[in-house]
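Text of start_39.cif, listed as mmCIF, C-alpha atoms and all ligand atoms:
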```cif
data_protein
loop_
_atom_site.label_atom_id
_atom_site.label_comp_id
_atom_site.auth_asym_id
_atom_site.auth_seq_id
_atom_site.Cartn_x
_atom_site.Cartn_y
_atom_site.Cartn_z
CA MET A 1 89.33 115.14 59.65
CA LEU A 2 90.47 117.61 62.27
CA ALA A 3 86.93 118.59 63.15
CA ALA A 4 85.91 114.95 63.50
CA ALA A 5 88.91 114.27 65.74
CA ALA A 6 88.09 117.29 67.91
CA LEU A 7 84.49 116.16 68.16
CA ALA A 8 85.54 112.66 69.14
CA ALA A 9 87.81 114.06 71.84
CA GLY A 10 84.98 116.21 73.20
CA ALA A 11 84.69 119.98 73.36
CA PRO A 12 87.50 121.80 75.20
CA GLY A 13 86.84 121.80 78.93
CA ALA A 14 84.05 119.25 78.61
CA ALA A 15 84.18 116.18 80.81
CA PRO A 16 85.47 113.18 78.86
CA ALA A 17 82.87 110.62 77.86
CA PRO A 18 82.54 107.78 80.37
CA ALA A 19 84.45 104.62 79.60
CA ARG A 20 82.33 101.78 78.23
CA ILE A 21 82.83 98.30 79.63
CA HIS A 22 81.50 95.69 77.24
CA ALA A 23 80.74 92.79 79.53
CA GLU A 24 80.50 89.26 78.27
CA VAL A 25 78.91 87.51 81.22
CA ASP A 26 76.02 85.18 81.96
CA GLY A 27 74.58 86.66 85.15
CA THR A 28 72.50 83.55 85.86
CA ALA A 29 75.74 81.59 86.43
CA PHE A 30 76.42 83.55 89.64
CA ALA A 31 74.69 83.57 93.02
CA ILE A 32 74.71 87.39 93.03
CA GLY A 33 73.27 87.62 89.52
CA GLU A 34 74.25 90.12 86.86
CA ALA A 35 73.46 93.07 89.15
CA GLY A 36 75.99 91.87 91.73
CA VAL A 37 78.64 91.26 89.11
CA ARG A 38 78.02 94.70 87.63
CA THR A 39 78.39 96.37 91.05
CA TRP A 40 81.77 94.66 91.52
CA VAL A 41 83.00 95.59 88.05
CA LEU A 42 81.94 99.22 88.24
CA ARG A 43 83.36 99.63 91.77
CA SER A 44 86.71 98.26 90.56
CA ALA A 45 86.60 100.65 87.60
CA THR A 46 85.88 103.61 89.90
CA ILE A 47 88.84 102.71 92.15
CA VAL A 48 91.23 102.60 89.18
CA ALA A 49 89.77 105.75 87.58
CA GLY A 50 90.25 107.59 90.89
CA TYR A 51 93.97 106.84 90.87
CA TYR A 52 94.55 107.77 87.24
CA GLY A 53 92.03 110.64 87.06
CA THR A 54 90.23 108.70 84.34
CA PHE A 55 89.51 105.08 83.50
CA PRO A 56 92.61 103.98 81.54
CA VAL A 57 90.87 103.09 78.26
CA PRO A 58 87.67 104.39 76.64
CA GLU A 59 86.41 100.92 75.69
CA LEU A 60 87.11 97.66 77.47
CA ARG A 61 86.11 94.13 76.51
CA LEU A 62 85.56 92.21 79.76
CA LYS A 63 84.92 88.49 79.75
CA ILE A 64 83.83 86.91 83.02
CA THR A 65 83.94 83.11 83.18
CA PRO A 66 82.18 81.24 85.99
CA VAL A 67 84.34 78.80 87.96
CA PRO A 68 83.63 76.75 91.10
CA GLY A 69 83.94 78.43 94.49
CA SER A 70 83.91 81.99 95.76
CA GLY A 71 85.93 85.07 94.83
CA ALA A 72 87.83 86.17 91.74
CA LYS A 73 90.21 83.36 90.82
CA GLY A 74 92.64 85.24 88.62
CA GLY A 75 92.58 87.24 85.45
CA THR A 76 94.54 88.38 82.44
CA ALA A 77 94.70 91.74 80.69
CA TYR A 78 95.25 91.62 76.93
CA PRO A 79 97.04 94.45 75.13
CA GLY A 80 96.12 95.88 71.78
CA ARG A 81 94.07 98.64 70.26
CA GLY A 82 90.92 97.35 71.94
CA PRO A 83 92.33 95.96 75.18
CA GLY A 84 90.50 93.22 77.01
CA ILE A 85 90.36 91.55 80.39
CA HIS A 86 89.40 87.96 81.10
CA VAL A 87 88.60 87.17 84.71
CA ARG A 88 87.47 83.94 86.34
CA LEU A 89 84.83 84.45 89.01
CA GLY A 90 83.54 81.90 91.53
CA ARG A 91 79.86 81.08 91.05
CA GLU A 92 79.24 81.29 94.81
CA SER A 93 80.90 84.72 95.26
CA GLY A 94 79.00 86.92 97.70
CA GLU A 95 79.02 90.70 97.82
CA ALA A 96 81.28 90.81 100.90
CA VAL A 97 83.99 88.74 99.20
CA LEU A 98 83.88 90.93 96.10
CA LEU A 99 84.05 94.09 98.20
CA GLU A 100 87.56 92.96 99.18
CA ASP A 101 88.58 91.74 95.75
CA TRP A 102 91.92 92.91 94.39
CA VAL A 103 92.09 90.78 91.23
CA LEU A 104 89.98 92.94 88.94
CA VAL A 105 91.56 96.18 90.24
CA HIS A 106 94.98 94.67 89.47
CA GLU A 107 93.96 93.75 85.92
CA MET A 108 92.44 97.18 85.29
CA VAL A 109 95.66 98.87 86.47
CA HIS A 110 97.48 96.94 83.72
CA LEU A 111 95.40 98.88 81.19
CA ALA A 112 97.14 102.14 82.13
CA LEU A 113 100.68 101.14 81.12
CA PRO A 114 101.94 100.62 77.56
CA GLU A 115 102.89 97.07 76.67
CA LEU A 116 106.58 96.51 77.51
CA ASP A 117 109.15 93.97 76.42
CA GLU A 118 108.78 90.67 78.29
CA ARG A 119 111.95 91.24 80.33
CA HIS A 120 110.33 94.26 81.98
CA ALA A 121 107.32 92.29 83.25
CA TRP A 122 108.49 93.26 86.75
CA LEU A 123 107.47 96.85 86.02
CA SER A 124 103.97 96.07 84.73
CA GLU A 125 103.28 93.45 87.43
CA GLY A 126 104.98 95.56 90.10
CA LEU A 127 102.87 98.58 89.20
CA ALA A 128 99.68 96.55 89.11
CA THR A 129 100.53 95.12 92.55
CA TYR A 130 101.52 98.48 94.03
CA VAL A 131 98.83 100.71 92.53
CA GLU A 132 96.06 98.20 93.37
CA GLY A 133 96.64 98.75 97.10
CA MET A 134 97.28 102.49 96.88
CA ALA A 135 94.17 103.05 94.77
CA ARG A 136 91.94 100.94 97.04
CA VAL A 137 93.00 102.86 100.14
CA ALA A 138 92.51 106.19 98.33
CA ALA A 139 89.00 105.06 97.37
CA GLY A 140 88.14 103.92 100.90
CA ASN A 141 88.00 100.28 99.77
CA MET A 142 90.85 99.18 102.09
CA THR A 143 92.22 100.58 105.34
CA GLU A 144 95.66 102.15 105.61
CA VAL A 145 96.61 99.62 108.30
CA ALA A 146 95.58 96.65 106.15
CA LEU A 147 97.62 98.00 103.23
CA TRP A 148 100.82 98.52 105.22
CA GLN A 149 100.37 95.22 107.03
CA GLU A 150 100.35 93.51 103.65
CA TYR A 151 103.39 95.47 102.47
CA VAL A 152 105.37 94.79 105.65
CA ASP A 153 104.54 91.07 105.25
CA SER A 154 105.11 90.83 101.48
CA MET A 155 107.66 93.44 100.33
CA PRO A 156 110.60 91.39 101.73
CA LYS A 157 109.72 88.73 99.11
CA GLY A 158 110.77 91.28 96.48
CA GLU A 159 114.36 91.55 97.68
CA PRO A 160 116.98 89.80 95.49
CA ALA A 161 117.82 86.18 96.30
CA ALA A 162 121.38 84.76 96.12
CA ASP A 163 121.30 84.03 92.35
CA ASP A 164 119.68 87.34 91.35
CA ALA A 165 120.91 89.14 88.21
CA GLY A 166 118.85 92.33 88.50
CA LEU A 167 115.18 93.04 87.74
CA ASP A 168 115.51 92.73 83.95
CA HIS A 169 117.12 89.28 84.18
CA THR A 170 115.36 87.53 87.08
CA PRO A 171 111.87 86.47 85.97
CA SER A 172 110.93 84.70 89.22
CA TRP A 173 107.43 85.19 90.65
CA ALA A 174 108.74 86.98 93.74
CA ARG A 175 110.97 89.43 91.86
CA THR A 176 108.38 90.06 89.15
CA TYR A 177 105.47 90.90 91.47
CA TRP A 178 107.02 91.99 94.77
CA GLY A 179 110.41 93.07 93.41
CA GLY A 180 108.49 95.28 91.00
CA ALA A 181 106.18 96.56 93.73
CA LEU A 182 109.16 97.32 95.95
CA PHE A 183 110.75 99.28 93.10
CA CYS A 184 107.51 101.29 92.80
CA LEU A 185 107.31 101.99 96.53
CA ALA A 186 110.96 103.10 96.66
CA ALA A 187 110.41 105.31 93.59
CA ASP A 188 107.25 106.87 95.03
CA VAL A 189 109.01 107.78 98.29
CA GLU A 190 112.08 109.11 96.41
CA ILE A 191 109.95 111.30 94.14
CA ARG A 192 108.08 112.70 97.13
CA ALA A 193 111.32 113.38 98.98
CA ALA A 194 112.84 115.08 95.91
CA THR A 195 109.81 117.32 95.30
CA GLY A 196 109.00 118.40 98.85
CA ASN A 197 106.03 116.01 98.69
CA ARG A 198 104.42 117.89 95.80
CA ARG A 199 104.75 115.06 93.27
CA GLY A 200 104.62 111.28 93.42
CA LEU A 201 104.59 108.15 91.29
CA GLN A 202 100.91 108.81 90.62
CA ASP A 203 101.81 111.98 88.69
CA ALA A 204 104.33 110.01 86.64
CA LEU A 205 101.81 107.26 85.87
CA ARG A 206 99.05 109.71 84.93
CA ALA A 207 101.45 111.38 82.49
CA VAL A 208 102.44 108.04 80.97
CA LEU A 209 98.79 107.13 80.48
CA ALA A 210 97.97 110.51 78.93
CA ALA A 211 100.93 110.32 76.52
CA SER A 212 100.53 106.66 75.54
CA GLY A 213 96.87 105.70 75.81
CA GLY A 214 97.96 102.89 78.15
CA MET A 215 97.96 99.26 77.08
CA ARG A 216 96.84 100.20 73.57
CA ALA A 217 100.46 101.25 72.92
CA GLU A 218 103.77 99.40 72.99
CA TRP A 219 106.71 101.43 74.35
CA PRO A 220 110.33 100.86 75.28
CA ILE A 221 110.76 101.05 79.05
CA GLU A 222 113.10 104.04 78.71
CA ARG A 223 110.28 106.10 77.21
CA VAL A 224 107.90 105.19 80.05
CA LEU A 225 110.49 106.23 82.61
CA ALA A 226 111.42 109.44 80.76
CA VAL A 227 107.80 110.59 80.44
CA GLY A 228 107.23 109.74 84.10
CA ASP A 229 110.33 111.61 85.23
CA ALA A 230 109.42 114.67 83.14
CA ALA A 231 106.05 114.82 84.91
CA THR A 232 107.69 114.96 88.33
CA GLY A 233 110.69 117.09 87.32
CA THR A 234 113.06 114.44 88.70
CA ASP A 235 115.28 111.64 87.39
CA VAL A 236 114.16 109.13 90.03
CA LEU A 237 112.67 106.50 87.70
CA ALA A 238 115.54 106.46 85.21
CA ARG A 239 118.13 106.45 87.99
CA LEU A 240 116.50 103.66 90.00
CA TYR A 241 116.10 101.62 86.82
CA ARG A 242 119.82 101.99 86.00
CA GLU A 243 120.66 100.84 89.52
CA HIS A 244 118.29 97.84 89.65
CA LYS A 245 118.07 96.46 86.11
CA ASP A 246 121.30 94.42 85.88
CA ARG A 247 122.34 93.96 89.50
CA PRO A 248 120.84 92.59 92.70
CA VAL A 249 120.22 95.70 94.82
CA GLU A 250 118.65 95.39 98.24
CA ILE A 251 116.34 98.10 99.47
CA ASP A 252 116.72 98.96 103.14
CA LEU A 253 113.16 98.14 104.18
CA ALA A 254 113.70 98.87 107.87
CA ALA A 255 114.82 102.40 106.98
CA LEU A 256 111.92 102.77 104.55
CA TRP A 257 109.30 101.76 107.13
CA GLN A 258 110.84 104.16 109.63
CA ARG A 259 110.71 106.96 107.06
CA LEU A 260 107.00 106.28 106.61
CA GLY A 261 106.16 106.03 110.32
CA ILE A 262 105.45 102.30 110.14
CA GLU A 263 106.36 100.08 113.06
CA ALA A 264 105.87 96.33 113.30
CA VAL A 265 105.45 95.04 116.84
CA ASP A 266 105.28 91.23 117.02
CA GLY A 267 104.43 91.27 113.33
CA ARG A 268 101.48 93.68 113.80
CA VAL A 269 101.75 97.02 112.04
CA ARG A 270 101.37 100.29 113.92
CA LEU A 271 101.20 103.60 112.10
CA THR A 272 102.60 106.85 113.52
CA PRO A 273 99.54 109.12 113.68
CA SER A 274 101.25 112.47 113.08
CA GLY A 275 104.48 114.21 112.12
CA PRO A 276 106.46 114.32 108.86
CA ALA A 277 106.65 110.51 108.49
CA ALA A 278 102.86 110.18 108.77
CA GLU A 279 102.43 113.02 106.30
CA LEU A 280 104.73 111.36 103.79
CA ARG A 281 102.99 107.99 104.26
CA ARG A 282 99.50 109.45 103.86
CA SER A 283 100.46 111.37 100.74
CA LEU A 284 101.07 108.00 99.04
CA THR A 285 97.42 107.01 99.40
CA ALA A 286 95.77 110.44 99.23
CA THR A 287 93.41 111.36 96.41
CA PRO A 288 94.71 114.43 94.58
CA PRO A 289 92.33 117.40 94.34
CA GLY A 290 90.16 117.66 91.25
CA PRO A 291 86.78 116.51 90.05
CA ALA A 292 85.95 112.82 90.38
CA PRO A 293 86.21 111.04 87.01
CA ALA A 294 83.01 110.02 85.25
CA PRO A 295 81.90 106.52 86.30
CA ALA A 296 82.32 103.83 83.69
CA GLU A 297 79.27 102.48 81.89
CA TRP A 298 78.26 98.83 81.86
CA VAL A 299 77.37 97.68 78.37
CA PRO A 300 75.86 94.18 78.29
CA ALA A 301 77.04 91.85 75.54
CA GLY A 302 75.69 92.94 72.19
CA GLY A 303 75.31 96.56 73.40
ZN ZN A 401 99.20 91.29 86.55
#
```

For this file, produce the structure as structure tokens.
Ligand SMILES: [Zn+2]
Amino acid sequence: MLAAAALAAGAPGAAPAPARIHAEVDGTAFAIGEAGVRTWVLRSATIVAGYYGTFPVPELRLKITPVPGSGAKGGTAYPGRGPGIHVRLGRESGEAVLLEDWVLVHEMVHLALPELDERHAWLSEGLATYVEGMARVAAGNMTEVALWQEYVDSMPKGEPAADDAGLDHTPSWARTYWGGALFCLAADVEIRAATGNRRGLQDALRAVLAASGGMRAEWPIERVLAVGDAATGTDVLARLYREHKDRPVEIDLAALWQRLGIEAVDGRVRLTPSGPAAELRRSLTATPPGPAPAPAEWVPAGG
């Protein structure tokens, strides 16, 4: 049994086997054909693998349904021992539109976090929202300016409204997606400040994935936060969670942007090119040193 397990895990020091994406798709339904769809899927997988150091799960069932129009029209990630993603893709999608797609990256990020209780959806959606942008910039799929422009425009939506009861008790769209993303941004900056910029949220998330196997597991939120904090040698995640879970807590966004060297002039973002603020900001989207993860493999239906 032990030998078989060791064999399955690969020899010590050997590169892990590439993830296999079992695609259920009719390529003839799309203007770009199966080859174009495959390029989009594998690029999205590479972006997510770059952030986590590995694609989150060894096997993924991916169902792509054709819908009218252009672009990815939404998706869902399904938990379980063999996690799956269902994504709806416009029949007329061109390569340029898919090059800028965030939907599939978002769904693939979901694969890296254990399933949480429904009241913590803000953490899974917030992470998927936050990591999608960070990972795309790190992979060269999005510019730094475009990322921060989006965050300056959208993060204010994540602040508590008048009737807010804290992140665990306010399941609105804005608090779930942007409130969660704002929590992640604040945590990332806090971890970097507490560790002299040697650790970040990425280290916490990689540790959670390694310990849990991602969406194949179901964990209490406290365990996710504890494993993440242990990886950074801080208590940032547990402390921020205590502060934000049952109470409406505003995050001082103006101070946060200043800390990151981000200025908005007439609504247009300008980034400080150098100095400690620029260094801190760039560390959020930098790729850590280390070998690039093995690219995922496309396995057509029935393969
Ligand atoms: Zn999501």

From A:Val145, A:Leu253, A:Ala231, A:Ala238, residue lying nearest Thr272 of chain A [all atoms listed in the file]: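 Smallest distance to Thr272 of chain A is found for A:Val145.
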
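For the set A:Met155, A:Leu89, A:Ala162, A:Leu104, the residue with the smallest atom-to-atom gap to Val67 of chain A is A:Leu89, counting only C-alpha atoms.
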
Near-Glu243 of chain A list (12 Å; only C-alpha atoms; drop same-chain fewer than 3 positions) as an NGL selection string: :A and (165-168 or 183 or 187 or 236-240 or 246-251)

Give the centre and edge lengths of an axis-aligned box, in Å to one decimal, that holds all listed atoms of segment 132-149 of chain A with 8 Å on each side, as lines of an AutoDock Vina configuration file.
```
center_x = 94.4
center_y = 100.7
center_z = 100.8
size_x = 28.8
size_y = 27.0
size_z = 30.9
```

Kindly compile the residues surrounding ligand ZN 401 (chain A) within 6 Å, counting all atoms listed in the file, and format them as a JSON list (two decimals) with C-alpha atoms, keeping the file's coordinate frame.
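Result went into selection12.json, see below:
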```json
[["chain", "number", "residue", "atom", "x", "y", "z"],
["A", 107, "GLU", "CA", 93.96, 93.75, 85.92],
["A", 125, "GLU", "CA", 103.28, 93.45, 87.43],
["A", 128, "ALA", "CA", 99.68, 96.55, 89.11]]
```

Pairwise distance for atom CA of Gly90 of chain A and atom CA of Ala29 of chain A, rounded to one decimal in Å: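 Separating atom CA of Gly90 of chain A from atom CA of Ala29 of chain A is a distance of 9.3 Å.
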
Nearest residue to Phe30 of chain A from the set A:Arg61, A:His120, A:Arg88, A:His169 (distances using all atoms listed in the file): A:Arg88

Pick from A:Glu92, A:Glu222, A:Asp153, A:Glu132 nearest to Cys184 of chain A, counting all atoms listed in the file: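 Using all atoms listed in the file, Cys184 of chain A sits closest to A:Glu132.
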
Atomic distance atom CA of Arg223 of chain A - atom CA of Pro16 of chain A, expressed in Å with one decimal: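 A separation of 25.9 Å between them.
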
Polymer residues at most 10 Å from Trp173 of chain A, all atoms listed in the file, same-chain spacing of 2 or more positions, as a ChimeraX atom specification: /A:122,125,157-158,170-171,175-179

Surrounding residues of Gly275 of chain A excluding itself and chain neighbours under 6 positions, 12 Å, all atoms listed in the file, as a ChimeraX atom specification: /A:259-261,281-282

Pick from A:Ala96, A:Leu205, A:Ala121, A:Met215 nearest to Pro58 of chain A, counting all atoms listed in the file: A:Met215

Which of A:Phe55, A:Trp257, A:Trp148, A:Trp219 sits closest to Glu118 of chain A [using all atoms listed in the file]: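 Going through A:Phe55, A:Trp257, A:Trp148, A:Trp219 one by one, the smallest distance to Glu118 of chain A is for A:Trp219.
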
List every residue of segment 48-68 of chain A that has an atom at most 12 Å from any atom of segment 31-34 of chain A, and for each one report the closest atom pair and its distance in Å to one decimal, counting all atoms listed in the file, with rows sorted by chain and then by increasing residue number, as a Markdown table.
```
| residue | atom | partner | partner_atom | distance |
| --- | --- | --- | --- | --- |
| A:Ile64 | CA | A:Glu34 | CA | 10.8 |
| A:Pro66 | CA | A:Ala31 | CA | 10.5 |
| A:Val67 | CA | A:Ala31 | CA | 11.9 |
| A:Pro68 | CA | A:Ala31 | CA | 11.4 |
```

Those same residues - C-alpha atoms - I'd like them written as a tab-separated table (two decimals), in the coordinates of the input.
```tsv
chain	number	residue	atom	x	y	z
A	64	ILE	CA	83.83	86.91	83.02
A	66	PRO	CA	82.18	81.24	85.99
A	67	VAL	CA	84.34	78.80	87.96
A	68	PRO	CA	83.63	76.75	91.10
```
